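Asker: Have a look at the structure that comes next, please.
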Amino acid sequence: MQKALVSIAVAASLGLGATAAQAAILDDVKAKGYVQCGVTGGVPGFSAPDSNNVWTGIEVDFCRAMAAAIFNDADAVRFTSLTSQERFTALSAGEVDVLSRTTTWTMSRDTQLGISFVGTMFYDGQGFMVRKDDGIESALDLSGAAICIESGTTTELNAADYFAANGMEFNTVVFVDQDEVVKAYEDGRCDVYTTDSSALAAERSKFANPDDHIILPEVISKEPLGPVVRAGDTQWFNIARWTYFALLEAEELGVSSANVDEQLGSDNPAIKRLLGVEGEFGAPLGLDNAWAYQIIKHVGNYAETYERNVGPSTPIGLERGLNALWKDGGIQYSPPIR
Amino acid sequence: MTDIGFVRSDFVEPRPAPSPTSGPMVWMKKNLFATPLDSVLTVLGLAFLAWIIPPLWGFFFGNAVGPGGTVEECRMENAGACWAYIAAEMEFFIYGFYPATEFWRPNIVFGLGALLLIPLLIPKVPFKRTNAVLILLVYPVLSYILLAGGMFGLRPVPTEMWGGLLVTLILSVVGITLSFPLGIILALGRQSQLPIIKTVCVMFIELIRAVPLITILFMASVMLPLFMPQGMTVDKFLRALVGVTLFTSAYVAEVVRGGLQAIPRGQYEAAAALGLGYWKRMWFIILPQALKHVIPGIVNNFIALFKDTSLVYIVGMRDLLEAVKTKNDAAIEWQSANTATTGYIFAAMVFWVFCFGMSRYSIYMENRLNTGYKR
């Protein structure tokens with residue numbers, strides 16, 4: 001009996017060992033020839049089909065950047081739409097290799113779900129939108145104003161906290177569906193509409209007269225949105241993380257998809273290291289030494305993907321704000337590549 | 001002088017014409033204004049129509065922006081339905097993310113399906129057996145090879161890229177085709193004398209019927225991967241397909257069982273007295289009668305299945321309705337007051353066309369097979 005138990009235990013541990021060994025995601029990805037990327041069903045600017053029905057968005061670009069780093073081909077990526085309920089299961093079960101799906105980085109998710117957050121692709125936070133005519137300039141003026149809000153969300157809790165903390169009267173008009181909330185605000189049933197600022201901007205872009213509405217400067221919650229990978233595969237985690245950092249580093253060094261080829265001849269040692277002219281930074285990731293060059297060549301740097309997908313010139317029209325580089329007053333910051 | 005009798009000296013006053021017994025006025029008086037209450041209701045009804053029809057007409061046709069229109073027209077004050085948006089995004093609604101260069105593949109599948117199905121549905125067309133073999137055995141294999149690719153030099157198209165009407169049709173056609181025989185087998189199994197078969201069938205039917213479809217889909221998409229070894233995945237589309245099929249088969253089984261119970265015991269005994277074995281008895285005597293009784297119930301289930309396919313959105317798949325929703329959100333360049341509404345109306349119309357078609361065909365079939373009771 002004892003013997004049988006021991007052998008079962010041995011077999012089990014061998015089995016576990018086998019799974020751990022086969023969990024080298026990079027090898028699997030290289031073998032199948034593409035990165036499987038989990039995205040939303042369609043959030044404009046983040047991951048959504050464009051008019052040619054090709055996936056676009058800042059989160060989609062992250063997956064394309066990983067594909068570029070691994071395969072030197074930004075199209076070696078397949079997208080799976082995931083709902084918010086199934087996203088973490090799909091990631092842990094290996095249905096997707098990386099999850100890039102407006103996922104807020106929280107402690108419980110990072111520590112309890114067997115997943116690792118790579119970084120913050122986009123710093124989001126809850127904001128308020130009001131009509132310009134109302135003359136409101138700060139969220140602190142909102143005491144007693146009717147606020148359109150989606151029920152059962154962290155949005156509602158955050159707003160309640162904020163109003164309580166500032167001793168203001170909290171007066172809500174609650175709906176179950178995001179579309180209803182927007183409609184009610186548009187119809188004038190309330191004075192204020194609150195949700196994540198990126199969503200506020202996206203919704204505003206759909207209004208008949210977007211300029212009649214302003215988004216107040218206060219951001220009352222932290223919603224860092226970032227890509228996620230399965231925990232336990234350090235190499236894969238590093239590839240994802242340094243893909244993100246390479247996007248930032250390239251912007252900081254002024255390397256873009258337009259000038260990356262001439263920058264190959266740059267004298268700046270930091271650019272040389274980034275582009276793989278000098279040093280051996282690809283091998284530890286299991287990638288070609290030109291991994292970052294490939295990312296920049298095919299996808300561009302962080303500024304390019306931001307401007308292309310959510311920046312002021314797009315219908316989403318979001319200023320860089322917190323998402324500017326550290327030296328431009330934001331908090332996007334890459335450790336040095338050296 | 002004989003009395004020559006009566007000589008008419010003046011004419012009878014002309015009488016009014018008899019009140020007509022037919023004609024539009026009579027019809028209206030009889031049907032619309034028979035009593036004061038009828039008159040009031042008629043006036044109210046007409047007022048309602050006068051109130052509702054002009055705006056509806058305006059929305060759908062009068063002020064609507066036709067397929068060639070631009071988004072600026074859709075954004076104008078008083079603009080109606082934005083059909084231009086539907087026309088512009090039609091490819092996504094039909095094929096989802098299926099690559100544009102490969103549209104000919106689903107097109108062949110659609111065309112071939114229609115080509116095989118229509119003769120099968122028309123009773124007069126011969127070669128039913130060949131046709132059935134083609135559509136049930138050859139067609140699915142061919143369709144799969146065409147759609148998924150990866151063979152014969154066809155570019156592989158993973159199921160994540162399938163979407164729109166394509167997904168709705170595949171799910172419902174496969175679901176209907178598989179759940180019908182499965183349901184019959186389950187119904188027969190439930191009436192079986194063999195305890196194991198009977199228990200298994202009863203347990204399966206009762207388990208599936210006691211759970212909402214959403215739960216089954218969730219189970220298939222969220223729980224199943226947790227039970228499977230790391231790295232081993234079953235295609236999400238296949239999982240949803242199996243879930244939908246099993247779900248419907250349990251309902252079909254109960255409908256068929258109702259039909260079986262409506263067959264008099266004498267039929268079973270007579271069939272047995274002829275010396276037929278179990279399968280022959282069922283195939284030649286019992287099922288043809290039983291199924292005839294339950295056509296409305298079965299078609300009911302199929303229509304429900306067709307509409308339920310839109311539930312697969314909760315496992316992240318993009319059927320027709322979800323494709324419309326995706327574009328409603330994502331197509332910023334088409335945003336206007338009526339864009340989303342038009343999208344939903346379009347989806348509703350497509351669903352209606354298919355479901356109404358099924359319903360009409362079932363009525364036709366009922367009448368054709370209703371030989372025993374027709375008077």
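Following the order of the structure tokens, first chain is A, next is B, and so on, with residues numbered from 1 inside each chain and ligands from 1 in the order they appear.
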Show which residues sit within 10 Å of Leu226 in chain B, as a ChimeraX atom specification. Count only C-alpha atoms, and ignore same-chain residues fewer than 2 positions away.
Answerer: /A:89-90,92-94 /B:221-224,228-230,233
Asker: Take the residues from that selection and write them out as a PDB file, in the first residue's frame, keeping all heavy atoms.
Answerer:
```pdb
ATOM      1  N   THR A  89      -9.239  32.117 -17.769  1.00  0.00           N
ATOM      2  CA  THR A  89      -9.230  30.675 -18.019  1.00  0.00           C
ATOM      3  C   THR A  89      -8.563  30.369 -19.340  1.00  0.00           C
ATOM      4  O   THR A  89      -7.756  29.446 -19.452  1.00  0.00           O
ATOM      5  CB  THR A  89     -10.663  30.131 -18.088  1.00  0.00           C
ATOM      6  OG1 THR A  89     -11.448  30.832 -17.163  1.00  0.00           O
ATOM      7  CG2 THR A  89     -10.686  28.664 -17.810  1.00  0.00           C
ATOM      8  N   ALA A  90      -8.928  31.142 -20.343  1.00  0.00           N
ATOM      9  CA  ALA A  90      -8.357  30.901 -21.670  1.00  0.00           C
ATOM     10  C   ALA A  90      -6.846  31.050 -21.626  1.00  0.00           C
ATOM     11  O   ALA A  90      -6.120  30.284 -22.260  1.00  0.00           O
ATOM     12  CB  ALA A  90      -8.961  31.872 -22.681  1.00  0.00           C
ATOM     13  N   SER A  92      -4.847  30.686 -18.833  1.00  0.00           N
ATOM     14  CA  SER A  92      -4.195  29.602 -18.065  1.00  0.00           C
ATOM     15  C   SER A  92      -4.291  28.280 -18.794  1.00  0.00           C
ATOM     16  O   SER A  92      -3.429  27.436 -18.644  1.00  0.00           O
ATOM     17  CB  SER A  92      -4.766  29.455 -16.654  1.00  0.00           C
ATOM     18  OG  SER A  92      -5.698  30.419 -16.371  1.00  0.00           O
ATOM     19  N   ALA A  93      -5.355  28.077 -19.565  1.00  0.00           N
ATOM     20  CA  ALA A  93      -5.496  26.801 -20.261  1.00  0.00           C
ATOM     21  C   ALA A  93      -4.639  26.734 -21.516  1.00  0.00           C
ATOM     22  O   ALA A  93      -4.596  25.706 -22.172  1.00  0.00           O
ATOM     23  CB  ALA A  93      -6.952  26.576 -20.634  1.00  0.00           C
ATOM     24  N   GLY A  94      -3.980  27.825 -21.852  1.00  0.00           N
ATOM     25  CA  GLY A  94      -3.109  27.797 -23.016  1.00  0.00           C
ATOM     26  C   GLY A  94      -3.835  28.022 -24.320  1.00  0.00           C
ATOM     27  O   GLY A  94      -3.287  27.779 -25.385  1.00  0.00           O
TER      28      GLY A  94
ATOM     29  N   SER B 221     -16.727  26.296 -22.472  1.00  0.00           N
ATOM     30  CA  SER B 221     -15.675  27.230 -22.828  1.00  0.00           C
ATOM     31  C   SER B 221     -14.785  27.595 -21.647  1.00  0.00           C
ATOM     32  O   SER B 221     -13.617  27.895 -21.823  1.00  0.00           O
ATOM     33  CB  SER B 221     -16.277  28.471 -23.459  1.00  0.00           C
ATOM     34  OG  SER B 221     -16.093  29.584 -22.648  1.00  0.00           O
ATOM     35  N   VAL B 222     -15.338  27.596 -20.434  1.00  0.00           N
ATOM     36  CA  VAL B 222     -14.543  28.051 -19.302  1.00  0.00           C
ATOM     37  C   VAL B 222     -14.059  26.880 -18.449  1.00  0.00           C
ATOM     38  O   VAL B 222     -12.914  26.858 -18.005  1.00  0.00           O
ATOM     39  CB  VAL B 222     -15.355  29.034 -18.435  1.00  0.00           C
ATOM     40  CG1 VAL B 222     -14.549  29.504 -17.263  1.00  0.00           C
ATOM     41  CG2 VAL B 222     -15.781  30.221 -19.270  1.00  0.00           C
ATOM     42  N   MET B 223     -14.933  25.884 -18.217  1.00  0.00           N
ATOM     43  CA  MET B 223     -14.555  24.798 -17.316  1.00  0.00           C
ATOM     44  C   MET B 223     -13.754  23.713 -18.026  1.00  0.00           C
ATOM     45  O   MET B 223     -12.751  23.236 -17.509  1.00  0.00           O
ATOM     46  CB  MET B 223     -15.809  24.167 -16.694  1.00  0.00           C
ATOM     47  CG  MET B 223     -16.649  25.102 -15.891  1.00  0.00           C
ATOM     48  SD  MET B 223     -15.747  25.743 -14.482  1.00  0.00           S
ATOM     49  CE  MET B 223     -15.662  24.267 -13.468  1.00  0.00           C
ATOM     50  N   LEU B 224     -14.196  23.335 -19.208  1.00  0.00           N
ATOM     51  CA  LEU B 224     -13.555  22.216 -19.905  1.00  0.00           C
ATOM     52  C   LEU B 224     -12.039  22.378 -20.028  1.00  0.00           C
ATOM     53  O   LEU B 224     -11.298  21.436 -19.748  1.00  0.00           O
ATOM     54  CB  LEU B 224     -14.212  22.050 -21.285  1.00  0.00           C
ATOM     55  CG  LEU B 224     -14.058  20.686 -21.930  1.00  0.00           C
ATOM     56  CD1 LEU B 224     -14.733  19.630 -21.065  1.00  0.00           C
ATOM     57  CD2 LEU B 224     -14.693  20.681 -23.315  1.00  0.00           C
ATOM     58  N   MET B 228      -8.576  19.742 -18.850  1.00  0.00           N
ATOM     59  CA  MET B 228      -7.727  19.096 -19.839  1.00  0.00           C
ATOM     60  C   MET B 228      -6.272  19.402 -19.560  1.00  0.00           C
ATOM     61  O   MET B 228      -5.946  20.421 -18.965  1.00  0.00           O
ATOM     62  CB  MET B 228      -8.122  19.585 -21.234  1.00  0.00           C
ATOM     63  CG  MET B 228      -9.470  19.041 -21.629  1.00  0.00           C
ATOM     64  SD  MET B 228      -9.744  19.099 -23.368  1.00  0.00           S
ATOM     65  CE  MET B 228      -9.830  20.821 -23.655  1.00  0.00           C
ATOM     66  N   PRO B 229      -5.386  18.498 -19.980  1.00  0.00           N
ATOM     67  CA  PRO B 229      -3.967  18.741 -19.732  1.00  0.00           C
ATOM     68  C   PRO B 229      -3.505  20.026 -20.413  1.00  0.00           C
ATOM     69  O   PRO B 229      -4.043  20.436 -21.427  1.00  0.00           O
ATOM     70  CB  PRO B 229      -3.282  17.517 -20.344  1.00  0.00           C
ATOM     71  CG  PRO B 229      -4.293  16.854 -21.177  1.00  0.00           C
ATOM     72  CD  PRO B 229      -5.629  17.233 -20.660  1.00  0.00           C
ATOM     73  N   GLN B 230      -2.499  20.637 -19.792  1.00  0.00           N
ATOM     74  CA  GLN B 230      -1.964  21.892 -20.316  1.00  0.00           C
ATOM     75  C   GLN B 230      -1.581  21.740 -21.783  1.00  0.00           C
ATOM     76  O   GLN B 230      -0.988  20.754 -22.180  1.00  0.00           O
ATOM     77  CB  GLN B 230      -0.724  22.261 -19.511  1.00  0.00           C
ATOM     78  CG  GLN B 230      -0.104  23.553 -19.910  1.00  0.00           C
ATOM     79  CD  GLN B 230      -0.414  24.655 -18.927  1.00  0.00           C
ATOM     80  OE1 GLN B 230      -0.476  24.409 -17.742  1.00  0.00           O
ATOM     81  NE2 GLN B 230      -0.622  25.857 -19.419  1.00  0.00           N
ATOM     82  N   THR B 233      -5.954  21.648 -26.307  1.00  0.00           N
ATOM     83  CA  THR B 233      -7.194  22.413 -26.403  1.00  0.00           C
ATOM     84  C   THR B 233      -8.059  21.828 -27.511  1.00  0.00           C
ATOM     85  O   THR B 233      -7.558  21.333 -28.510  1.00  0.00           O
ATOM     86  CB  THR B 233      -6.918  23.887 -26.727  1.00  0.00           C
ATOM     87  OG1 THR B 233      -6.168  23.937 -27.930  1.00  0.00           O
ATOM     88  CG2 THR B 233      -6.173  24.571 -25.633  1.00  0.00           C
TER      89      THR B 233
END
```
Asker: Write out as a ChimeraX atom specification which residues come within 8 Å of range 24-36 of chain A when counting only C-alpha atoms, dropping same-chain ones fewer than 6 positions away.
Answerer: /A:63,66-67,70-71,76-80,95-98,233,235-236,286
Asker: How many Å separate CA of Phe237 in chain B from CA of Lys325 in chain B?
Answerer: 19.2 Å
Asker: Listing only residues of chain A within 10 Å of chain B, what is the closest atom pair and its distance in Å (to one decimal) for each, using only C-alpha atoms, sorted by chain and residue number ascending, as JSON lines?
Answerer:
```
{"residue": "A:Thr19", "atom": "CA", "partner": "B:Gln230", "partner_atom": "CA", "distance": 7.0}
{"residue": "A:Ala20", "atom": "CA", "partner": "B:Gln230", "partner_atom": "CA", "distance": 9.5}
{"residue": "A:Gln22", "atom": "CA", "partner": "B:Gly231", "partner_atom": "CA", "distance": 8.6}
{"residue": "A:Ala23", "atom": "CA", "partner": "B:Gly231", "partner_atom": "CA", "distance": 8.0}
{"residue": "A:Ile25", "atom": "CA", "partner": "B:Gly231", "partner_atom": "CA", "distance": 9.5}
{"residue": "A:Asp28", "atom": "CA", "partner": "B:Gly231", "partner_atom": "CA", "distance": 9.1}
{"residue": "A:Val39", "atom": "CA", "partner": "B:Gly316", "partner_atom": "CA", "distance": 9.7}
{"residue": "A:Thr40", "atom": "CA", "partner": "B:Gly316", "partner_atom": "CA", "distance": 8.5}
{"residue": "A:Gly41", "atom": "CA", "partner": "B:Thr326", "partner_atom": "CA", "distance": 6.5}
{"residue": "A:Gly42", "atom": "CA", "partner": "B:Thr326", "partner_atom": "CA", "distance": 5.5}
{"residue": "A:Val43", "atom": "CA", "partner": "B:Ala330", "partner_atom": "CA", "distance": 6.2}
{"residue": "A:Pro44", "atom": "CA", "partner": "B:Ala330", "partner_atom": "CA", "distance": 5.0}
{"residue": "A:Gly45", "atom": "CA", "partner": "B:Ala330", "partner_atom": "CA", "distance": 8.5}
{"residue": "A:Phe46", "atom": "CA", "partner": "B:Ala330", "partner_atom": "CA", "distance": 9.9}
{"residue": "A:Ser47", "atom": "CA", "partner": "B:Ala330", "partner_atom": "CA", "distance": 8.8}
{"residue": "A:Ala48", "atom": "CA", "partner": "B:Ala330", "partner_atom": "CA", "distance": 5.8}
{"residue": "A:Pro49", "atom": "CA", "partner": "B:Ala330", "partner_atom": "CA", "distance": 6.6}
{"residue": "A:Asp50", "atom": "CA", "partner": "B:Ala331", "partner_atom": "CA", "distance": 7.0}
{"residue": "A:Ser51", "atom": "CA", "partner": "B:Ala331", "partner_atom": "CA", "distance": 7.0}
{"residue": "A:Asn52", "atom": "CA", "partner": "B:Ala100", "partner_atom": "CA", "distance": 8.8}
{"residue": "A:Asn53", "atom": "CA", "partner": "B:Phe97", "partner_atom": "CA", "distance": 6.1}
{"residue": "A:Val54", "atom": "CA", "partner": "B:Phe97", "partner_atom": "CA", "distance": 7.2}
{"residue": "A:Trp55", "atom": "CA", "partner": "B:Phe97", "partner_atom": "CA", "distance": 8.6}
{"residue": "A:Arg78", "atom": "CA", "partner": "B:Glu160", "partner_atom": "CA", "distance": 8.1}
{"residue": "A:Phe79", "atom": "CA", "partner": "B:Glu160", "partner_atom": "CA", "distance": 7.0}
{"residue": "A:Thr80", "atom": "CA", "partner": "B:Glu160", "partner_atom": "CA", "distance": 5.8}
{"residue": "A:Ser81", "atom": "CA", "partner": "B:Gly316", "partner_atom": "CA", "distance": 5.2}
{"residue": "A:Leu82", "atom": "CA", "partner": "B:Gly316", "partner_atom": "CA", "distance": 4.7}
{"residue": "A:Thr83", "atom": "CA", "partner": "B:Gly316", "partner_atom": "CA", "distance": 5.4}
{"residue": "A:Ser84", "atom": "CA", "partner": "B:Gly316", "partner_atom": "CA", "distance": 9.1}
{"residue": "A:Gln85", "atom": "CA", "partner": "B:Val222", "partner_atom": "CA", "distance": 8.2}
{"residue": "A:Glu86", "atom": "CA", "partner": "B:Val222", "partner_atom": "CA", "distance": 5.7}
{"residue": "A:Arg87", "atom": "CA", "partner": "B:Val222", "partner_atom": "CA", "distance": 8.8}
{"residue": "A:Phe88", "atom": "CA", "partner": "B:Val222", "partner_atom": "CA", "distance": 9.1}
{"residue": "A:Thr89", "atom": "CA", "partner": "B:Val222", "partner_atom": "CA", "distance": 6.1}
{"residue": "A:Ala90", "atom": "CA", "partner": "B:Val222", "partner_atom": "CA", "distance": 7.2}
{"residue": "A:Leu91", "atom": "CA", "partner": "B:Pro225", "partner_atom": "CA", "distance": 10.0}
{"residue": "A:Ser92", "atom": "CA", "partner": "B:Leu226", "partner_atom": "CA", "distance": 8.1}
{"residue": "A:Ala93", "atom": "CA", "partner": "B:Pro225", "partner_atom": "CA", "distance": 5.5}
{"residue": "A:Gly94", "atom": "CA", "partner": "B:Gly231", "partner_atom": "CA", "distance": 5.4}
{"residue": "A:Glu95", "atom": "CA", "partner": "B:Thr233", "partner_atom": "CA", "distance": 6.6}
{"residue": "A:Val96", "atom": "CA", "partner": "B:Gly231", "partner_atom": "CA", "distance": 9.9}
{"residue": "A:Asp179", "atom": "CA", "partner": "B:Asp329", "partner_atom": "CA", "distance": 10.0}
{"residue": "A:Lys183", "atom": "CA", "partner": "B:Ala337", "partner_atom": "CA", "distance": 10.0}
{"residue": "A:Ala202", "atom": "CA", "partner": "B:Ile332", "partner_atom": "CA", "distance": 8.6}
{"residue": "A:Glu203", "atom": "CA", "partner": "B:Asp329", "partner_atom": "CA", "distance": 9.4}
{"residue": "A:Ser205", "atom": "CA", "partner": "B:Ile332", "partner_atom": "CA", "distance": 7.7}
{"residue": "A:Lys206", "atom": "CA", "partner": "B:Gln335", "partner_atom": "CA", "distance": 5.5}
{"residue": "A:Phe207", "atom": "CA", "partner": "B:Ser336", "partner_atom": "CA", "distance": 7.6}
{"residue": "A:Ala208", "atom": "CA", "partner": "B:Ser336", "partner_atom": "CA", "distance": 7.1}
{"residue": "A:Thr314", "atom": "CA", "partner": "B:Ile332", "partner_atom": "CA", "distance": 9.9}
{"residue": "A:Pro315", "atom": "CA", "partner": "B:Ile332", "partner_atom": "CA", "distance": 7.1}
{"residue": "A:Ile316", "atom": "CA", "partner": "B:Ile332", "partner_atom": "CA", "distance": 8.7}
```
Asker: Can you pull out the residues contacting range 218-226 of chain A? Cut-off 9 Å, using only C-alpha atoms, and skip same-chain residues under 2 positions away; I want them as a ChimeraX atom specification.
Answerer: /A:59,99-106,117-128,138-140,155,158-159,162,196-197,215-216,228
Asker: So which residues of range 53-292 of chain A fall under strand (DSSP E or B) by DSSP, listed as a PyMOL selection string?
Answerer: chain A and resi 55-56+77-81+98-99+104+115-117+122-124+126-131+146-150+171-175+192-196+213-215+223-225+228-230
Asker: To one decimal in Å, tell me the separation between CA of Glu150 in chain A and CA of Asp187 in chain A.
Answerer: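 Atom-to-atom, CA of Glu150 in chain A and CA of Asp187 in chain A are spaced 16.0 Å apart.
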Asker: Residues within 10 Å of range 255-269 of chain B, please, as a PyMOL selection string. Count only C-alpha atoms; anything in the same chain fewer than 4 positions from it doesn't count.
Answerer: chain B and resi 180+183-191+249-251+273-275+278+281-282+285-298+300-301
Asker: Tell me which protein, DNA and RNA residues are within 8 Å of Ala240 in chain B, counting only C-alpha atoms, leaving out same-chain ones fewer than 6 positions away, and put them as a ChimeraX atom specification.
Answerer: /B:217,220-221,312
